[in-house]
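Here is the structure we will look at.
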Amino acid sequence: MIRIMWGGLLSILLLLMGSRGVCGGFDERMWQYYAEIENRVNLEPNHLAGFYLEPDVFSNVASERAFADLRVVTAARQEVPWTIIVCRPEKIHERLPVRMGNLSQTENGETWLELRVEKPESAVSAIEIITPDSDFSRQVQVLGSRDGNHWNSLRNDGVIFDSSLEENLRHTKITFPESTFPYLGLKVNNGGAQPLNITGVQALQNRSSPGQTYTIGGKVEGQTVLTSTHESAVTIRMDQVFPLDRLVIKTLDRNFQRTVEIRIKGKGGNWIYWAQGSVFNIETEKIRESDLTIEMPEITTEQFRLVFRNLDSPALKIDGVTGQGYHRLLVFKEQGHRKRYLFWGNPAARKPQYDLAGLLVKQQADDIPRAYLGPVQTNPKYGGDKARKPFTERYKHLLYAVVVLVIVGLLFLQYRVFRRMD
């Protein structure tokens, strides 16, 4: 009798220990969506392949850290190592040696400055004017020459400005089409004001590898003017929840400069600081310069709040905001002819750590063979919150039964011992 009882208890315990989700393997009941990974070209096992994570498919990012809930598994539910390559552009800003000469004033009160690029055949695409002056605005024309006598216009609608006395806004860099002219000229229109004190000029060569970006639209949900602080606030709701690196505002207003603060919702629902930048648009008959992009650390959120510092100027009318981010390539190890699936939709999942992440660099992305995701399916075995409960809560009644049986067994053993003593 005792052997039968303990054998039954042991069988129940083994059944519980063998239940899926108790061991540390992949439990598909916790993932809401899946899709089969398809290849157009057959690759040998352990070769690399990858596919893009598109906002249209993964806009329902469930985990607190974006993409932490992704799992690549075989048909036998064995996990496959993977990593994500972010296709950001590689920006290189190289300063080129130049010799400054012929700093003078023209008959019209303009400042004329000539530069000689000392590195032969160097391609220059930007010039930054160094000046200790503040609170100014000047139109700038950029010219190029082969011999220093005959000049060709490279840009005639540039502008530099500084308004540090009221807002921390400063823009002293002028970009133009890449030029290999050995001589560069700057003509600064002072507009009757005191000429700028130019202490130096930097010639820049801006190079970048092409990045791959996506755009997500946003809707303006409300605009509020905060009269007491001379600010205005705009709430934006993004069409899709996906990682973003910058926001671009849309407005029909012209000839403005603003400092902008980006805020996101904290866990308590209050708006907290995330990033700050400046936007401007200067458009006249002779000047055309604008920058309506606000860079920020990568963030995945549905709502943003933009706070514009207007001072005594009227609030801008924001017609819309778009978000931009960089495409992501999920790279994984091939498994031969075995089927592979991508599972996602588990907000409680933690990002796995595979050694594959340290073996790849961004430059390899273009060389990795492409795979493709099949149609997105809702997992019929998905258990939701119930599947994520701790073991003791999922099998509560069965555990109670085991405890009762153990108590009964101990009482029975005690009874047998007392009976033998009698």
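Ordering of the structure tokens sets the chain letters (A, B, ...); residue numbers start at 1 within each chain; ligands are numbered from 1 in the order shown.
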I'd like the neighbourhood of range 162-164 of chain A as an MDAnalysis selection string, where a residue qualifies if any of its atoms comes within 7 Å (using only C-alpha atoms), though same-chain residues fewer than 4 positions away should be ignored.
chainID A and resid 134:137 168:171
Could you write those residues out with N, CA and C atoms, as a short mmCIF file (atom, residue, chain, number, x, y, z; two decimals), in the first residue's frame?
data_model
loop_
_atom_site.label_atom_id
_atom_site.label_comp_id
_atom_site.auth_asym_id
_atom_site.auth_seq_id
_atom_site.Cartn_x
_atom_site.Cartn_y
_atom_site.Cartn_z
N SER A 134 27.62 87.83 -31.12
CA SER A 134 26.33 87.23 -30.80
C SER A 134 25.22 88.17 -31.24
N ASP A 135 24.02 87.63 -31.27
CA ASP A 135 22.83 88.40 -31.64
C ASP A 135 23.01 89.04 -33.03
N PHE A 136 23.10 88.19 -34.03
CA PHE A 136 23.26 88.68 -35.40
C PHE A 136 22.52 87.76 -36.37
N SER A 137 22.32 88.25 -37.56
CA SER A 137 21.76 87.47 -38.67
C SER A 137 22.32 88.03 -39.96
N ASN A 168 19.01 80.04 -26.91
CA ASN A 168 20.30 79.45 -27.28
C ASN A 168 20.24 78.88 -28.69
N LEU A 169 20.13 79.77 -29.67
CA LEU A 169 20.04 79.37 -31.07
C LEU A 169 21.23 79.95 -31.82
N ARG A 170 22.00 79.09 -32.44
CA ARG A 170 23.18 79.54 -33.18
C ARG A 170 23.37 78.65 -34.39
N HIS A 171 23.55 79.27 -35.54
CA HIS A 171 23.73 78.54 -36.80
C HIS A 171 24.77 79.28 -37.62
#
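Coordinates place CA of Leu373 in chain A at a distance of 23.0 Å from CA of Gln324 in chain A.
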What's the 9 Å shell around Trp151 in chain A, counting only C-alpha atoms, without same-chain residues fewer than 4 positions away, as an NGL selection string?
:A and (143-147 or 183-185)
I want to know what sits within 7 Å of range 240-251 of chain A, based on only C-alpha atoms, with residues of the same chain fewer than 5 positions away left out; could you give that as a PyMOL selection string?
chain A and resi 55+59-61+216+292-302+317-325
Any idea what's packed within 8 Å of range 116-128 of chain A, counting only C-alpha atoms, ignoring anything in its chain fewer than 4 positions away? Could you give it as a PyMOL selection string?
chain A and resi 96-101+172-184+201-206
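In this comparison, which uses only C-alpha atoms, the residue of A:His47, A:Arg95, A:Arg207, A:Arg309 approaching Lys333 in chain A most closely is A:His47.
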Extract, using only C-alpha atoms, all DNA, RNA and protein residues at most 10 Å from range 225-237 of chain A, discarding same-chain residues fewer than 6 positions from it, and format them as JSON, numbers by chain.
{"A": [217, 218, 219, 259, 260, 261, 262, 263, 264, 301, 302, 303, 304, 305, 306, 307, 308, 309, 310, 311, 312, 313, 314, 315, 316, 317, 318, 320, 321, 322]}
